[in-house]
Structures are given as structure tokens and as C-alpha cells.
$ cat work-v9.txt   # compact mmCIF, C-alpha atoms
# COMPACT_ATOMS: atom_id res chain seq x y z
CA MET A 1 49.70 57.14 60.72
CA MET A 2 51.51 55.62 63.69
CA THR A 3 54.84 57.10 64.75
CA VAL A 4 57.42 55.08 66.60
CA GLU A 5 60.27 56.77 68.42
CA VAL A 6 63.33 54.72 69.18
CA THR A 7 66.26 55.80 71.27
CA GLY A 8 69.55 53.94 71.60
CA THR A 9 71.40 51.38 69.58
CA HIS A 10 69.70 48.15 68.58
CA VAL A 11 72.15 45.92 66.79
CA PRO A 12 72.63 42.14 67.05
CA ALA A 13 75.53 40.91 69.16
CA TRP A 14 78.10 39.01 67.10
CA ARG A 15 79.10 36.71 69.93
CA GLY A 16 77.13 33.58 70.50
CA GLY A 17 74.19 32.50 68.42
CA PHE A 18 73.89 35.30 65.87
CA GLY A 19 77.56 35.17 64.91
CA ARG A 20 77.43 31.44 64.24
CA LEU A 21 74.15 31.71 62.35
CA TRP A 22 75.62 34.54 60.25
CA SER A 23 78.73 32.47 59.50
CA ALA A 24 76.66 29.43 58.51
CA ALA A 25 74.41 31.52 56.26
CA VAL A 26 77.34 33.23 54.54
CA ILE A 27 79.29 30.00 53.95
CA SER A 28 76.21 28.20 52.62
CA ARG A 29 75.36 31.13 50.35
CA PHE A 30 78.88 31.03 48.89
CA GLY A 31 78.35 27.44 47.80
CA ASP A 32 74.79 28.09 46.60
CA ALA A 33 76.02 30.90 44.37
CA LEU A 34 78.54 28.57 42.74
CA ARG A 35 75.82 26.00 42.05
CA THR A 36 73.19 28.54 40.94
CA ALA A 37 75.53 30.12 38.42
CA ALA A 38 76.84 26.77 37.16
CA LEU A 39 73.47 25.05 36.66
CA PRO A 40 72.21 27.18 33.71
CA LEU A 41 75.65 27.07 32.07
CA LEU A 42 75.58 23.28 32.38
CA ALA A 43 72.02 23.23 31.03
CA VAL A 44 73.08 25.25 27.96
CA ARG A 45 75.67 22.55 27.20
CA LEU A 46 72.98 19.89 27.28
CA THR A 47 70.19 21.60 25.27
CA ASP A 48 69.47 24.61 23.03
CA ASP A 49 65.74 24.75 23.85
CA PRO A 50 64.90 27.94 25.85
CA LEU A 51 61.81 26.30 27.36
CA VAL A 52 63.78 23.29 28.60
CA ILE A 53 66.44 25.57 30.10
CA ALA A 54 63.73 27.62 31.81
CA SER A 55 62.21 24.39 33.16
CA VAL A 56 65.34 23.81 35.26
CA THR A 57 64.64 27.08 37.09
CA ALA A 58 60.91 26.37 37.29
CA CYS A 59 61.53 22.97 38.86
CA GLY A 60 63.56 24.68 41.56
CA TYR A 61 60.49 26.70 42.60
CA LEU A 62 57.79 24.05 42.26
CA PRO A 63 58.24 22.49 45.74
CA TRP A 64 57.15 25.76 47.34
CA LEU A 65 53.73 25.17 45.81
CA LEU A 66 53.61 21.57 46.99
CA PHE A 67 55.32 21.66 50.39
CA GLY A 68 55.81 25.32 51.39
CA LEU A 69 52.85 25.52 53.78
CA LEU A 70 53.72 22.16 55.30
CA GLY A 71 57.31 23.31 55.89
CA GLY A 72 56.12 26.33 57.87
CA ALA A 73 53.78 24.30 60.06
CA VAL A 74 56.54 21.78 60.79
CA ALA A 75 58.99 24.62 61.56
CA ASP A 76 56.62 25.90 64.26
CA ARG A 77 56.43 22.43 65.81
CA VAL A 78 60.07 21.28 65.91
CA ASP A 79 63.40 22.47 67.29
CA GLN A 80 64.34 24.86 64.50
CA ARG A 81 68.09 24.54 65.09
CA ARG A 82 68.02 20.75 64.71
CA ALA A 83 65.82 20.99 61.65
CA MET A 84 68.25 23.39 59.98
CA TRP A 85 71.44 21.40 60.48
CA ALA A 86 69.75 18.12 59.53
CA VAL A 87 68.47 19.67 56.29
CA ASP A 88 71.90 21.08 55.44
CA LEU A 89 73.49 17.68 56.05
CA VAL A 90 71.10 16.01 53.62
CA ARG A 91 71.52 18.77 51.03
CA GLY A 92 75.31 18.44 51.26
CA LEU A 93 75.13 14.72 50.55
CA LEU A 94 72.74 15.25 47.62
CA VAL A 95 74.94 17.84 45.94
CA ALA A 96 78.04 15.70 46.52
CA CYS A 97 76.36 12.82 44.66
CA PHE A 98 75.40 15.20 41.84
CA ALA A 99 78.99 16.46 41.59
CA LEU A 100 80.17 12.87 41.29
CA ALA A 101 77.64 12.20 38.51
CA VAL A 102 78.76 15.31 36.61
CA GLY A 103 82.42 14.36 37.05
CA LEU A 104 81.74 10.91 35.62
CA GLY A 105 79.97 12.38 32.58
CA HIS A 106 76.44 11.38 33.56
CA ALA A 107 74.92 14.89 33.66
CA SER A 108 71.51 15.19 32.01
CA ILE A 109 68.51 17.52 32.02
CA PRO A 110 66.38 15.05 34.06
CA LEU A 111 69.17 14.88 36.65
CA LEU A 112 69.31 18.69 36.83
CA LEU A 113 65.54 18.81 37.28
CA ALA A 114 65.66 16.20 40.05
CA LEU A 115 68.42 18.05 41.92
CA ALA A 116 66.60 21.38 41.74
CA PHE A 117 63.37 19.79 42.96
CA CYS A 118 64.97 17.94 45.90
CA LEU A 119 67.02 20.88 47.11
CA THR A 120 64.06 23.24 47.10
CA THR A 121 61.84 20.67 48.84
CA LEU A 122 64.33 20.64 51.72
CA GLN A 123 64.61 24.42 51.55
CA THR A 124 60.90 24.82 52.37
CA LEU A 125 61.64 23.58 55.90
CA PHE A 126 65.05 25.23 56.24
CA ASP A 127 64.00 28.76 55.25
CA ASN A 128 60.90 28.80 57.46
CA ALA A 129 62.86 27.42 60.40
CA SER A 130 65.58 30.03 59.88
CA THR A 131 63.05 32.88 59.77
CA ALA A 132 61.44 31.62 62.99
CA LEU A 133 64.79 31.04 64.74
CA LEU A 134 66.26 34.52 64.24
CA PRO A 135 63.86 36.37 66.61
CA SER A 136 64.96 33.99 69.38
CA LEU A 137 68.63 34.94 68.85
CA VAL A 138 68.33 38.74 68.71
CA ASP A 139 66.07 41.38 70.24
CA ARG A 140 62.96 42.18 68.24
CA GLU A 141 64.16 45.79 67.87
CA ALA A 142 67.38 44.54 66.26
CA LEU A 143 65.70 42.37 63.62
CA GLY A 144 66.11 44.95 60.87
CA SER A 145 69.85 45.25 61.46
CA ALA A 146 70.19 41.47 61.85
CA ASN A 147 68.41 40.77 58.57
CA ALA A 148 70.45 43.45 56.78
CA ARG A 149 73.73 41.98 58.06
CA LEU A 150 72.71 38.43 57.22
CA MET A 151 71.65 39.31 53.68
CA THR A 152 74.59 41.63 53.06
CA GLY A 153 77.06 38.97 54.18
CA GLN A 154 75.36 36.41 51.97
CA GLN A 155 75.61 38.70 48.96
CA LEU A 156 79.26 39.50 49.66
CA ALA A 157 80.15 35.80 49.74
CA GLY A 158 77.67 34.61 47.14
CA GLY A 159 78.13 37.30 44.53
CA LEU A 160 81.29 39.34 44.92
CA LEU A 161 83.40 36.36 45.95
CA ALA A 162 81.72 33.32 44.39
CA GLY A 163 80.44 34.77 41.12
CA PRO A 164 83.82 35.53 39.50
CA LEU A 165 85.11 32.10 40.55
CA VAL A 166 82.55 30.13 38.56
CA PRO A 167 84.27 30.41 35.13
CA LEU A 168 87.59 29.47 36.75
CA LEU A 169 86.10 26.46 38.50
CA LEU A 170 84.41 25.34 35.32
CA THR A 171 87.74 25.30 33.51
CA ALA A 172 88.97 22.83 36.15
CA GLY A 173 85.94 20.62 35.64
CA ALA A 174 82.16 20.93 35.33
CA PHE A 175 81.76 19.14 38.66
CA MET A 176 83.86 21.62 40.69
CA PRO A 177 81.17 24.23 41.57
CA PHE A 178 78.91 21.45 42.83
CA ALA A 179 81.63 19.77 44.87
CA ALA A 180 82.39 23.11 46.54
CA ASP A 181 78.68 23.64 47.24
CA ALA A 182 78.46 20.25 48.96
CA GLY A 183 81.35 21.16 51.23
CA THR A 184 79.76 24.46 52.27
CA TYR A 185 76.49 22.72 53.16
CA LEU A 186 78.32 20.33 55.47
CA LEU A 187 80.29 23.12 57.14
CA ALA A 188 77.15 25.20 57.61
CA ALA A 189 75.41 22.20 59.18
CA ALA A 190 78.24 21.88 61.72
CA LEU A 191 78.00 25.58 62.64
CA VAL A 192 74.23 25.48 63.14
CA ALA A 193 74.51 22.27 65.17
CA SER A 194 76.96 24.06 67.50
CA LEU A 195 74.41 26.75 68.43
CA ARG A 196 73.61 26.66 72.13
CA THR A 197 69.94 27.52 71.97
CA ARG A 198 67.18 26.00 74.02
CA PRO A 199 64.33 24.25 72.26
CA PRO A 200 61.51 26.77 71.76
CA GLU A 201 58.90 26.95 74.50
CA ARG A 202 55.47 26.58 73.01
CA GLU A 203 51.95 26.45 74.33
CA PRO A 204 50.50 22.94 74.28
CA ARG A 205 48.59 22.38 71.07
CA PRO A 206 44.80 22.21 71.48
CA ALA A 207 43.30 18.73 71.42
CA GLY A 208 42.57 17.68 67.86
CA SER A 209 44.93 20.27 66.37
CA THR A 210 46.37 19.07 63.06
CA LEU A 211 48.90 20.36 60.60
CA ARG A 212 46.01 21.31 58.34
CA THR A 213 44.34 23.50 60.98
CA GLU A 214 47.66 25.11 61.90
CA ILE A 215 48.39 25.87 58.25
CA ALA A 216 44.94 27.47 57.97
CA GLU A 217 45.71 29.66 60.99
CA GLY A 218 48.85 30.95 59.31
CA LEU A 219 46.99 31.74 56.09
CA ARG A 220 44.25 33.61 57.97
CA ALA A 221 46.80 35.60 59.94
CA LEU A 222 48.61 36.65 56.77
CA TRP A 223 45.45 37.58 54.89
CA GLY A 224 44.06 39.46 57.89
CA ASP A 225 47.03 41.83 58.05
CA ARG A 226 46.46 44.53 55.44
CA ALA A 227 50.10 45.54 55.11
CA LEU A 228 51.43 41.98 54.85
CA ARG A 229 48.68 41.09 52.38
CA ALA A 230 49.62 44.00 50.08
CA VAL A 231 53.33 43.14 50.29
CA CYS A 232 52.57 39.49 49.55
CA VAL A 233 50.61 40.34 46.39
CA ALA A 234 53.35 42.70 45.25
CA THR A 235 56.04 40.09 45.87
CA LEU A 236 54.02 37.53 43.89
CA LEU A 237 54.01 39.84 40.86
CA CYS A 238 57.72 40.58 41.24
CA ASN A 239 58.52 36.88 41.49
CA ILE A 240 56.69 36.17 38.25
CA GLY A 241 58.85 38.81 36.60
CA MET A 242 62.08 37.65 38.23
CA GLY A 243 61.29 34.05 37.37
CA ALA A 244 60.99 35.03 33.70
CA LEU A 245 64.19 37.06 33.80
CA ILE A 246 66.45 34.69 35.74
CA ALA A 247 65.34 31.59 33.83
CA THR A 248 66.42 33.15 30.53
CA LEU A 249 69.20 35.50 31.66
CA VAL A 250 71.92 33.20 30.38
CA LEU A 251 70.31 33.40 26.90
CA HIS A 252 69.87 37.18 27.20
CA VAL A 253 73.59 37.59 27.93
CA THR A 254 75.24 34.92 25.81
CA ARG A 255 73.01 35.19 22.71
CA TRP A 256 71.06 38.49 22.59
CA LEU A 257 74.10 40.47 23.75
CA ASP A 258 76.65 37.90 22.49
CA ALA A 259 78.71 38.54 25.65
CA GLY A 260 79.60 34.90 26.42
CA ASN A 261 80.27 33.36 29.80
CA ALA A 262 82.39 36.34 30.86
CA GLY A 263 79.43 38.66 30.24
CA TYR A 264 77.19 36.39 32.28
CA ALA A 265 79.70 36.47 35.13
CA ALA A 266 79.89 40.28 34.86
CA ALA A 267 76.10 40.55 35.08
CA MET A 268 75.91 38.31 38.12
CA THR A 269 78.79 40.17 39.78
CA ALA A 270 77.07 43.52 39.16
CA TYR A 271 73.90 42.17 40.73
CA ALA A 272 75.88 40.99 43.76
CA MET A 273 77.66 44.36 44.11
CA GLY A 274 74.32 46.12 43.99
CA SER A 275 72.90 43.76 46.58
CA PHE A 276 75.88 44.38 48.85
CA SER A 277 75.36 48.14 48.72
CA GLY A 278 71.61 47.68 49.17
CA GLY A 279 72.26 46.01 52.51
CA PHE A 280 73.59 49.31 53.83
CA LEU A 281 70.70 51.27 52.35
CA ALA A 282 67.79 49.12 53.53
CA GLN A 283 67.64 50.31 57.13
CA ARG A 284 68.44 53.92 56.28
CA ILE A 285 65.61 54.11 53.77
CA ALA A 286 63.17 52.44 56.18
CA ARG A 287 64.00 54.93 58.93
CA ARG A 288 63.06 57.83 56.70
CA THR A 289 60.07 56.40 54.84
CA GLY A 290 58.72 53.37 56.72
CA ARG A 291 59.07 49.82 55.50
CA VAL A 292 56.16 49.76 53.05
CA ARG A 293 57.24 53.02 51.40
CA ALA A 294 60.76 51.60 51.18
CA LEU A 295 59.27 48.75 49.14
CA LEU A 296 57.50 51.28 46.89
CA LEU A 297 60.78 53.03 46.18
CA ALA A 298 62.62 49.76 45.57
CA GLY A 299 59.96 48.48 43.16
CA SER A 300 59.95 51.73 41.16
CA VAL A 301 63.73 51.71 40.68
CA GLN A 302 63.65 48.02 39.70
CA THR A 303 60.99 48.72 37.06
CA ALA A 304 63.22 51.36 35.46
CA SER A 305 66.24 49.03 35.62
CA LEU A 306 64.39 46.25 33.80
CA LEU A 307 63.26 48.65 31.07
CA LEU A 308 66.90 49.65 30.56
CA MET A 309 68.01 46.03 30.32
CA GLY A 310 65.28 45.10 27.86
CA THR A 311 65.65 48.05 25.46
CA VAL A 312 69.39 48.87 25.28
CA ARG A 313 71.38 46.15 23.53
CA HIS A 314 74.72 46.74 25.22
CA LEU A 315 76.55 44.92 28.00
CA ALA A 316 77.10 48.19 29.89
CA ALA A 317 73.33 48.76 30.06
CA LEU A 318 72.81 45.24 31.36
CA VAL A 319 75.50 45.66 34.02
CA ALA A 320 74.03 49.00 35.15
CA GLY A 321 70.53 47.53 35.25
CA MET A 322 71.66 44.49 37.23
CA LEU A 323 73.53 46.75 39.68
CA LEU A 324 70.37 48.78 40.42
CA LEU A 325 68.20 45.68 40.40
CA GLY A 326 70.42 44.03 43.00
CA ALA A 327 70.55 47.08 45.28
CA MET A 328 66.80 47.56 45.33
CA ASN A 329 66.17 43.82 45.64
CA MET A 330 68.15 43.87 48.88
CA VAL A 331 66.20 46.89 50.14
CA TRP A 332 63.00 44.99 49.30
CA ASN A 333 64.05 41.71 50.94
CA VAL A 334 65.35 43.20 54.19
CA ASN A 335 62.24 45.30 54.76
CA GLN A 336 59.84 42.58 53.64
CA VAL A 337 61.27 39.92 55.97
CA THR A 338 61.64 42.31 58.91
CA LEU A 339 58.09 43.58 58.51
CA MET A 340 56.82 39.99 58.52
CA GLN A 341 58.84 39.03 61.62
CA GLN A 342 57.79 42.13 63.54
CA ARG A 343 54.09 41.78 62.74
CA SER A 344 53.84 38.01 63.37
CA PRO A 345 53.07 36.42 66.76
CA ALA A 346 56.15 34.54 67.99
CA ALA A 347 54.38 31.17 67.93
CA MET A 348 53.25 31.67 64.31
CA VAL A 349 56.34 33.09 62.58
CA GLY A 350 57.02 29.84 60.72
CA ARG A 351 53.46 29.45 59.47
CA ILE A 352 53.03 33.09 58.46
CA ALA A 353 56.45 33.03 56.76
CA SER A 354 55.53 29.87 54.87
CA ALA A 355 52.15 31.27 53.86
CA PHE A 356 53.89 34.41 52.60
CA ARG A 357 56.63 32.53 50.78
CA THR A 358 54.31 29.95 49.25
CA SER A 359 51.84 32.59 48.07
CA SER A 360 54.49 34.92 46.66
CA THR A 361 56.88 32.26 45.33
CA SER A 362 54.09 30.50 43.46
CA GLY A 363 54.63 32.99 40.65
CA ALA A 364 58.29 32.08 40.10
CA PRO A 365 57.79 28.74 38.27
CA LEU A 366 55.02 30.33 36.20
CA GLY A 367 57.35 33.21 35.40
CA ALA A 368 60.19 30.86 34.48
CA LEU A 369 58.03 28.96 32.00
CA LEU A 370 56.49 32.19 30.73
CA GLY A 371 59.96 33.61 30.23
CA GLY A 372 60.92 30.64 28.08
CA VAL A 373 57.81 31.07 25.94
CA VAL A 374 58.30 34.85 25.58
CA ALA A 375 62.01 34.45 24.73
CA GLY A 376 61.24 31.86 22.07
CA THR A 377 58.30 33.81 20.58
CA TYR A 378 59.11 37.52 20.90
CA GLY A 379 62.88 37.63 21.31
CA LEU A 380 65.46 37.06 24.01
CA ASN A 381 64.96 40.56 25.48
CA GLY A 382 61.24 39.90 25.92
CA PRO A 383 61.47 38.47 29.46
CA ALA A 384 63.15 41.65 30.75
CA LEU A 385 60.34 43.80 29.33
CA LEU A 386 57.73 41.41 30.73
CA ALA A 387 59.41 41.69 34.15
CA ALA A 388 59.32 45.49 33.94
CA ALA A 389 55.57 45.45 33.35
CA LEU A 390 54.98 43.09 36.27
CA PHE A 391 57.14 45.16 38.61
CA GLY A 392 55.10 48.21 37.66
CA LEU A 393 51.92 46.37 38.65
CA ALA A 394 53.59 45.33 41.90
CA VAL A 395 54.31 48.96 42.80
CA ALA A 396 50.65 49.84 42.21
CA SER A 397 49.46 46.93 44.36
CA LEU A 398 51.55 48.15 47.31
CA ILE A 399 49.61 51.39 47.67
CA PRO A 400 46.86 49.90 49.91
CA GLY A 401 49.55 48.69 52.31
CA VAL A 402 50.75 52.24 53.00
CA LYS A 403 47.46 53.30 54.61
CA PRO A 404 47.21 51.13 57.74
CA ASP A 405 49.27 51.81 60.85
CA VAL A 406 52.45 49.81 60.39
CA PRO A 407 54.70 50.06 63.44
CA VAL A 408 58.25 50.09 62.13
CA VAL A 409 61.11 49.76 64.54
CA ALA A 410 63.85 51.67 62.77
CA PRO A 411 66.83 52.08 65.10
CA GLN A 412 69.87 53.97 64.03
CA ASP A 413 73.10 52.05 64.29
CA ASP A 414 74.95 55.18 65.41
CA GLY A 415 72.92 55.42 68.63
CA THR A 416 70.93 58.55 67.77
CA THR A 417 67.20 58.97 68.07
CA ALA A 418 65.17 57.92 65.06
CA ARG A 419 61.60 58.78 64.25
CA SER A 420 59.93 56.42 61.80
CA THR A 421 56.48 56.19 60.29
CA GLY A 422 54.80 53.24 58.71
$ encode --input "work-v9.txt" --output "C-alpha cells"
Amino acid sequence: MMTVEVTGTHVPAWRGGFGRLWSAAVISRFGDALRTAALPLLAVRLTDDPLVIASVTACGYLPWLLFGLLGGAVADRVDQRRAMWAVDLVRGLLVACFALAVGLGHASIPLLLALAFCLTTLQTLFDNASTALLPSLVDREALGSANARLMTGQQLAGGLLAGPLVPLLLTAGAFMPFAADAGTYLLAAALVASLRTRPPEREPRPAGSTLRTEIAEGLRALWGDRALRAVCVATLLCNIGMGALIATLVLHVTRWLDAGNAGYAAAMTAYAMGSFSGGFLAQRIARRTGRVRALLLAGSVQTASLLLMGTVRHLAALVAGMLLLGAMNMVWNVNQVTLMQQRSPAAMVGRIASAFRTSSTSGAPLGALLGGVVAGTYGLNGPALLAAALFGLAVASLIPGVKPDVPVVAPQDDGTTARSTG
């Protein structure tokens, strides 16, 4: 087992590029949370069919299967900063048009499906470009802290601040959460456009190199890394489970628990509070256990949380489960993304990230549809129990990833010496 000793403080500087990127990410996440929470509530107004409601979530994941790999290859070719602000500009205009349609009373399930599909199609480029851009803004040793701060800030804005506002905004008009989301996209685009970063320096592409060959290189690099391969398989299983849960959560809360919109807001707020606390735990756990073992711990706690949610028919049990689920999801995400960035060659971060995301996210639309079927056939608590089983399998699939040497840079923010094992 490889041991890495790190001395000193490795944290991202707030001034300059990272501070603006953090601000853009947090503002955009605030608007996304308003839209994400409002979409299923709007869908419930339009239909009572669990499978149709789940299809709205599934359609939001489908573009990763169709365009995810392409988005990563493009992200490695273009100026990532320009790609990000251009995508946010287009997304802002799309959501503004949707808000207008909702305000005029033209909302429909096909329109919801189209919006989810278009936004995620653009996200395939944005997310891969963002993952590839971050290592150029902060030192490689500070990536763990940078990812933790980015994700924690996003959860603070998107859950603790935005979540409770959704019911209030909806009372002012069904279009309000979407109008606010459009505004945050446009503001985030302006912040990213103001970054003073040089276009990435890349080696000239070999003669005859195509997007197809570059995509294949990213897939081979991901599959050839034993640790990343194990984490990717585990994340695929988790995403199937989360797809089933999230797609039907509004039914779980409003009908199985009969907790109404307020209960749904409480569940989402608990998840956000857990995620916020998980941002502070992610690096601390990784320092003591290594990043792959941190994922093992997170997956085990999430499995227990889902069992609690699926077996105890009480709002308090749901809130407790969502709190733990959110905390460990943040621990998982920070360590997963950091591990991928640290183990990827600089010129291939976009392609490896897209291969990882496409492979792992492919389970989410399947899970969403499966959740609708399970909820309609076995009961509205069925998706939570299905998710628990899949998370248990994910934990088992991580075990091979613990064995190889995984160099984990695990600096302590307080400046002391840390000793970390992979």
C-alpha cells in the first residue's frame, strides 16, 4: 500500500479564478435547486401516473448516454472557460422561455421532457469542461479542498437556502422558480466569462486524430485504472438506486407518508443540511482512510439510511435518512471527483471525466423508470428498498479498488503533517 506524506497547507486561493468559479457555481446551483424541486411538483399537477412522473427525471439523464462521451472529447479540445459561459448563456435563455410558457398556462408533460433533455444535453459539455478547468486554477495538491469547498457552497445555496423558498415561490406563481433559475444562469455566465485564464496549452493532435479515437483513448484510460474502474462500477449501481429514489420521492413523501409539499421541502432541506456537513467531513475521512475506503464508508452508511427510509413510515425517519444520505453523498462525490482528477493526465481530464460520468450516469434513467414501475407495482416505499439493495452491491464492488496503490494527496487545512494511505 502506498503512503503519501504531505506537509504544509494546500488550500485554494479565493482571489482570482477560483473565487469567481466558486461564486458562479454557487449562484447557478441556487437556481438549479429551485428548478429541480419545482419540476416534480409541477409534474404532479399535470399527471397522476408514477411512470410518467418518473419519465421527467429519466429524460434529464438520457443525454449523458447519447452525448456524454462527445462532451468530454470536445471539452479537451476547446477553451473550457468559453465553453462554460456560452453553455450557461444558452441554458439561461431556455429556462426563461420555459418560465414564460408556464406563466402563460402552457405547461405540459412534453414541454417538461423537452426542457430536461435540452438542459442535460448542454450539461454534458459544461460539467466536463468544469472538471477539466479546475486543475488549471488550483494546485493539484489543493484539489480535494477545492472540490469540497465548491460542493459545500453549492449545497449551502442549493439546499439550505433555495429548498425552503420553493413553496413560497410557488405560491407567487408556478413560473417563479424557473424565472429565478434563468437569472442565475445568466449571472453565472457573466462570472465565468470574467475569468482571466489563458486558453489551455495542448500538444498538437496527431494527424488523422478524430473525436472517435480521442473518445476511445479516454475509455481505455478509465478502464485501465483499477481504482477508477471499481469506483465507476460502484457509482453506476448507486445511480440506478438514486434514479429510482429521486424520480419517485415526491410520491413517497406526499402520498406514502401523506406529508404534503411541506414534507417534501423538509426532506430536501434535510438532504441539503447533510450534504453541507458532509463537505467538512470528506477531506477528514480521506486523510484517515484513503479515498477509496472513504467511499466504502459512505456507501455503507447510505445503504442503512435507505433501509430506514423504506421501512419506517414516519416523516422523522425520512428526514433522518435524507440527512445521512446527503452527508455521505457529499463524502462520496468529493472523493470520487478528486480521485479522478488526481489520477488523470492533464490532457485527458475531460475525456476520462466524460467516460466516467457517461458510464456511471447511464444507470440513472434506467433507475428512474425502474422506480416508477416498482412504485406502481410493489408500493411507494419500494424504490427506497430497491436503492438500498443496489447501494449494498455498490459497496461490495468497491473492494477490488482498495487493493491497488492509490496515491491520495490528503493535506490538512490546519497546516499539520498528514499521512494518508490509498
$ closest_residue --input "work-v9.txt" --among "A:Ala193, A:Leu380, A:Ala188, A:Leu366" --to "Leu236 of chain A" --atoms "all atoms listed in the file"
A:Leu366
$ atom_distance --input "work-v9.txt" --atom1 "atom CA of Thr235 of chain A" --atom2 "atom CA of Gln155 of chain A"
19.9 Å
$ atom_distance --input "work-v9.txt" --atom1 "atom CA of Phe30 of chain A" --atom2 "atom CA of Arg82 of chain A"
21.8 Å
$ atom_distance --input "work-v9.txt" --atom1 "atom CA of Thr131 of chain A" --atom2 "atom CA of Ile215 of chain A"
16.3 Å
$ closest_residue --input "work-v9.txt" --among "A:Ile352, A:Met268, A:Val395, A:Val312" --to "Ala294 of chain A" --atoms "only C-alpha atoms"
A:Val395
$ residues_around --input "work-v9.txt" --residues "Ala234 of chain A" --least-positions-apart "4" --cutoff "12 Å" --atoms "all atoms listed in the file" --output "PyMOL selection string"
chain A and resi 227-230+238-241+292+295-296+298-300+332+336+356+359-361+363+390-401
$ closest_residue --input "work-v9.txt" --among "A:Leu41, A:Val349, A:Leu111, A:Ala132" --to "Ile53 of chain A" --atoms "only C-alpha atoms"
A:Leu41
$ closest_residue --input "work-v9.txt" --among "A:Asn335, A:Thr210, A:Asn381, A:Asn128" --to "Thr254 of chain A" --atoms "only C-alpha atoms"
A:Asn381
$ closest_residue --input "work-v9.txt" --among "A:Leu119, A:Leu370, A:Met330, A:Leu62" --to "Val87 of chain A" --atoms "all atoms listed in the file"
A:Leu119
$ closest_atom_pairs --input "work-v9.txt" --of "segment 231-279 of chain A" --to "segment 324-329 of chain A" --cutoff "8 Å" --atoms "only C-alpha atoms" --output "tab-separated table"
residue	atom	partner	partner_atom	distance
A:Ala270	CA	A:Gly326	CA	7.7
A:Tyr271	CA	A:Gly326	CA	4.6
A:Ala272	CA	A:Gly326	CA	6.3
A:Met273	CA	A:Gly326	CA	7.3
A:Gly274	CA	A:Ala327	CA	4.1
A:Ser275	CA	A:Ala327	CA	4.3
A:Phe276	CA	A:Ala327	CA	7.0
A:Ser277	CA	A:Ala327	CA	6.0
A:Gly278	CA	A:Ala327	CA	4.1
A:Gly279	CA	A:Ala327	CA	7.5
$ closest_residue --input "work-v9.txt" --among "A:Ala148, A:Leu169, A:Ala58, A:Ala182" --to "Asp32 of chain A" --atoms "only C-alpha atoms"
A:Ala182
$ residues_around --input "work-v9.txt" --residues "Arg220 of chain A" --least-positions-apart "3" --cutoff "12 Å" --atoms "all atoms listed in the file" --output "VMD selection string"
chain A and resid 213 to 217 223 to 226 228 to 229 344 348 351 to 352 355 to 356
$ residues_around --input "work-v9.txt" --residues "Arg255 of chain A" --least-positions-apart "3" --cutoff "12 Å" --atoms "all atoms listed in the file" --output "ChimeraX atom specification"
/A:44,48,50,248-252,258-261,263-264,313-315,375,379-381
$ residues_near_point --input "work-v9.txt" --point "(67.7, 20.2, 45.1)" --cutoff "12 Å" --atoms "only C-alpha atoms" --output "ChimeraX atom specification"
/A:32,35-36,39,56-57,59-63,87-88,90-98,111-124,178,181-182
